[in-house]
Amino acid sequence: MLRDLVQRVEEATPAGRDRAVDALRALAIAGVVAGHWLVTAPVADSGVLRVTSPLKYMPQLAPVSWLFQTMAVFFFVGGRVAVESHVRVRARGEGHGRWAAARMARLFRPVVPLVGVWSAAAVAMLAWGADPGTVYALVKLVWSPMWFLLVFAALTAATPLAARLHPVWPLAAVALADLVRFGLDGPSWTQEVGWINVGTGWLVPYCLGALWARGRLDGRLTGWALLLGGAAATAVLVVWAAYPASMVGVPGAPVSNQSPPTLAAAAFGLAQCGAALLLAGPLRGLLRRPAAWALVAVANLSAMTIFLWHQTAMIVVTVTALRLAGGPLTGLHTVPADPGWVVARLAWLPAFAAALAVCVAAFRRHERRRPYGRAVRGSRRERHAGGSA
């Protein structure tokens, strides 16, 4: 059966498809999921759950965030895929509006069941007497990553503009916003200027992806220049400009590199895009193997479902274990203040993954209109062989 699936995926894949793009998207989603599972720590305290982070208690773990903050790679790949898709659609004489509407539907369709399930769950928990603070903390865990969908949707709708915009311009806008926030010592309202970076910060890798789609980022030299230049700029900003070392938010920290994105986050994104370009070649070679490609293709078919439900999976394991154990368990409900918590949390990851697999099996049908097997047998179109997000 597995061999048949691998063969169907291989047969359904267009000959000219760049499989490395799908692999980079899958790696980006995997990084986000693993990162959230490692740095999100619900703590049980007198029957109430509050959420904190091991980075608050062990700041020396900040380099871990460098590995798992992979959203720049997702926007980088998204920019390339969107531009290529838009070019094909326009070549067929179809309008931008219809193209954008189709992509919005694919992006937001999987959100509907999540909204329904968590609306019902929140009402049920409150009706059964759950602490409102606990309910709020759990719902916030699920919804806090949703900012990504709105930003990605906006950039997708603006793809024709992004295709003509050099990434140096949004990068300059990020730098200017940070200068106003941190360098001019202005009134308190100037801090709000940074929220412009929610758009411009992620527009940088998206525009780089557009350049990649137009063949202007090919070559290892470009990859190394982005990787080394972005890494050096990030180091300078962290060491000499006092930007946070963590590339994810830390509860209680006065400044976050992600909320809103800072110049350090944008520079780090450049390094990640360079690393992605360097990885693309080896990934193409690896994914010539049908089994490896099938794994990536199937993961991409459920990429948005995985992203949307990964926090729910962690919550289900956390709450269920608390009920069954009758008290807090290390790595799951305790304060993440020492290396023992990290070891215990790593041991819980397989349970999170198993719960996520159940969620994906239950809700993946909302991500595409037809079941996977039927789609692979009936069509060779791009979206049925690991289509874009």
# chains A, B, ... in the order shown; residues from 1 in each chain; ligands from 1

$ residues_around --residues "Gly209 (chain A)" --least-positions-apart "4" --cutoff "8 Å" --atoms "only C-alpha atoms" --output "CSV table (one decimal) with C-alpha atoms, in the first residue's frame"
chain,number,residue,atom,x,y,z
A,75,PHE,CA,7.4,33.8,3.1
A,76,PHE,CA,10.5,33.4,0.9
A,77,VAL,CA,9.0,30.2,-0.7
A,78,GLY,CA,5.6,31.8,-0.7
A,79,GLY,CA,6.8,34.8,-2.8
A,80,ARG,CA,8.4,32.5,-5.4
A,81,VAL,CA,5.4,30.2,-5.7
A,205,PRO,CA,11.6,37.6,2.2
A,213,ALA,CA,11.0,33.2,-9.2

$ residues_around --residues "Ala313 (chain A)" --least-positions-apart "5" --cutoff "8 Å" --atoms "only C-alpha atoms" --output "list in words"
Phe352, Ala353, Ala355, Leu356 and Cys359 of chain A

$ closest_residue --among "A:Val358, A:Met125, A:Leu227, A:Ala337" --to "His310 (chain A)" --atoms "only C-alpha atoms"
A:Val358

$ closest_residue --among "A:Gly274, A:Pro145, A:Gly219, A:Pro328" --to "Gln258 (chain A)" --atoms "only C-alpha atoms"
A:Pro145

$ select_by_dssp --residues "region 81-281 of chain A" --states "helix (DSSP H, G or I)" --output "PyMOL selection string"
chain A and resi 81-91+96-108+111-127+132-157+159-162+168-183+188-213+220-240+263-281

$ residues_around --residues "region 231-246 of chain A" --least-positions-apart "5" --cutoff "9 Å" --atoms "only C-alpha atoms" --output "list in words"
Leu55, Pro59, Leu61, Ala62, Pro63, Val64, Ser65, Trp66, Leu226, Ala253, Val255, Ser256, Asn257, Thr262, Leu263, Ala264, Ala265, Ala266, Ala267, Phe268, Gly269, Leu270, Ala271 and Gln272 of chain A

$ atom_distance --atom1 "CA of Glu94 (chain A)" --atom2 "CA of Arg17 (chain A)"
21.9 Å

$ closest_residue --among "A:Arg19, A:Arg8, A:Arg364, A:His86" --to "Phe307 (chain A)" --atoms "only C-alpha atoms"
A:Arg364

$ closest_residue --among "A:Met58, A:Phe152, A:Gly47, A:Pro261" --to "Trp341 (chain A)" --atoms "only C-alpha atoms"
A:Met58

$ residues_around --residues "Met71 (chain A)" --least-positions-apart "5" --cutoff "9 Å" --atoms "only C-alpha atoms" --output "ChimeraX atom specification"
/A:28-29,31-32,76,148,202,269

$ atom_distance --atom1 "CA of Arg289 (chain A)" --atom2 "CA of Glu10 (chain A)"
9.3 Å

$ closest_residue --among "A:Ala20, A:Leu2, A:Ile196, A:Ala82" --to "Arg214 (chain A)" --atoms "only C-alpha atoms"
A:Ala82

$ residues_around --residues "Thr200 (chain A)" --least-positions-apart "2" --cutoff "8 Å" --atoms "only C-alpha atoms" --output "PDB file with C-alpha atoms, in the first residue's frame"
ATOM      1  CA  PRO A 170      10.906  47.185   2.606  1.00  0.00           C
ATOM      2  CA  LEU A 171      14.177  46.504   4.448  1.00  0.00           C
ATOM      3  CA  ALA A 173      11.317  50.818   5.820  1.00  0.00           C
ATOM      4  CA  VAL A 174      11.971  48.357   8.673  1.00  0.00           C
ATOM      5  CA  ILE A 196       4.352  48.937  10.212  1.00  0.00           C
ATOM      6  CA  ASN A 197       6.995  46.216  10.260  1.00  0.00           C
ATOM      7  CA  VAL A 198       4.344  43.513  10.452  1.00  0.00           C
ATOM      8  CA  TRP A 202       7.729  39.931   6.033  1.00  0.00           C
ATOM      9  CA  LEU A 203       7.653  41.693   2.673  1.00  0.00           C
ATOM     10  CA  VAL A 204      11.479  41.450   2.637  1.00  0.00           C
TER      11      VAL A 204
END

$ atom_distance --atom1 "CA of Ala41 (chain A)" --atom2 "CA of Thr334 (chain A)"
7.9 Å

$ closest_residue --among "A:Ala120, A:Met314, A:Leu141, A:Leu329" --to "Thr52 (chain A)" --atoms "only C-alpha atoms"
A:Leu141

$ residues_around --residues "region 103-111 of chain A" --least-positions-apart "3" --cutoff "9 Å" --atoms "only C-alpha atoms" --output "number ranges by chain"
A: 98-100, 114-116, 149, 152-153, 156-157, 304-305, 308, 363-368, 389

$ decode --residues "region 284-310 of chain A" --atoms "N, CA and C atoms" --output "compact mmCIF listing (two decimals), in the first residue's frame"
# COMPACT_ATOMS: atom_id res chain seq x y z
N ARG A 284 17.15 19.01 -4.03
CA ARG A 284 16.70 18.50 -5.34
C ARG A 284 17.27 17.11 -5.60
N GLY A 285 18.53 16.92 -5.23
CA GLY A 285 19.13 15.60 -5.40
C GLY A 285 18.47 14.55 -4.53
N LEU A 286 18.22 14.90 -3.27
CA LEU A 286 17.60 13.95 -2.34
C LEU A 286 16.20 13.58 -2.79
N LEU A 287 15.45 14.55 -3.30
CA LEU A 287 14.04 14.32 -3.62
C LEU A 287 13.84 13.67 -4.98
N ARG A 288 14.93 13.31 -5.64
CA ARG A 288 14.77 12.43 -6.81
C ARG A 288 14.35 11.03 -6.38
N ARG A 289 14.58 10.72 -5.11
CA ARG A 289 14.14 9.43 -4.58
C ARG A 289 12.63 9.48 -4.35
N PRO A 290 11.88 8.60 -4.96
CA PRO A 290 10.42 8.66 -4.86
C PRO A 290 9.89 8.63 -3.44
N ALA A 291 10.49 7.83 -2.56
CA ALA A 291 9.99 7.73 -1.19
C ALA A 291 10.16 9.05 -0.44
N ALA A 292 11.31 9.68 -0.61
CA ALA A 292 11.55 10.96 0.06
C ALA A 292 10.60 12.03 -0.47
N TRP A 293 10.40 12.04 -1.78
CA TRP A 293 9.50 13.02 -2.36
C TRP A 293 8.06 12.79 -1.93
N ALA A 294 7.64 11.55 -1.82
CA ALA A 294 6.27 11.26 -1.38
C ALA A 294 6.02 11.81 0.01
N LEU A 295 7.00 11.67 0.90
CA LEU A 295 6.85 12.19 2.26
C LEU A 295 6.66 13.70 2.24
N VAL A 296 7.46 14.40 1.44
CA VAL A 296 7.35 15.85 1.36
C VAL A 296 6.03 16.26 0.72
N ALA A 297 5.63 15.57 -0.36
CA ALA A 297 4.40 15.92 -1.06
C ALA A 297 3.18 15.74 -0.17
N VAL A 298 3.11 14.64 0.54
CA VAL A 298 1.97 14.39 1.42
C VAL A 298 1.95 15.42 2.56
N ALA A 299 3.11 15.76 3.10
CA ALA A 299 3.16 16.77 4.17
C ALA A 299 2.66 18.11 3.66
N ASN A 300 3.00 18.47 2.43
CA ASN A 300 2.55 19.75 1.88
C ASN A 300 1.05 19.78 1.65
N LEU A 301 0.46 18.64 1.35
CA LEU A 301 -0.98 18.60 1.15
C LEU A 301 -1.73 18.95 2.43
N SER A 302 -1.11 18.74 3.58
CA SER A 302 -1.75 19.04 4.87
C SER A 302 -1.00 20.13 5.63
N ALA A 303 -0.21 20.93 4.94
CA ALA A 303 0.66 21.91 5.61
C ALA A 303 -0.15 22.89 6.45
N MET A 304 -1.23 23.43 5.90
CA MET A 304 -2.00 24.41 6.65
C MET A 304 -2.74 23.76 7.81
N THR A 305 -3.20 22.54 7.64
CA THR A 305 -3.85 21.83 8.73
C THR A 305 -2.87 21.59 9.87
N ILE A 306 -1.65 21.19 9.53
CA ILE A 306 -0.62 20.99 10.54
C ILE A 306 -0.36 22.28 11.30
N PHE A 307 -0.21 23.37 10.57
CA PHE A 307 0.05 24.67 11.19
C PHE A 307 -1.10 25.08 12.12
N LEU A 308 -2.33 24.92 11.65
CA LEU A 308 -3.48 25.39 12.42
C LEU A 308 -3.73 24.58 13.68
N TRP A 309 -3.45 23.27 13.64
CA TRP A 309 -3.86 22.40 14.73
C TRP A 309 -2.73 21.98 15.65
N HIS A 310 -1.49 22.43 15.41
CA HIS A 310 -0.39 21.91 16.24
C HIS A 310 -0.49 22.38 17.69
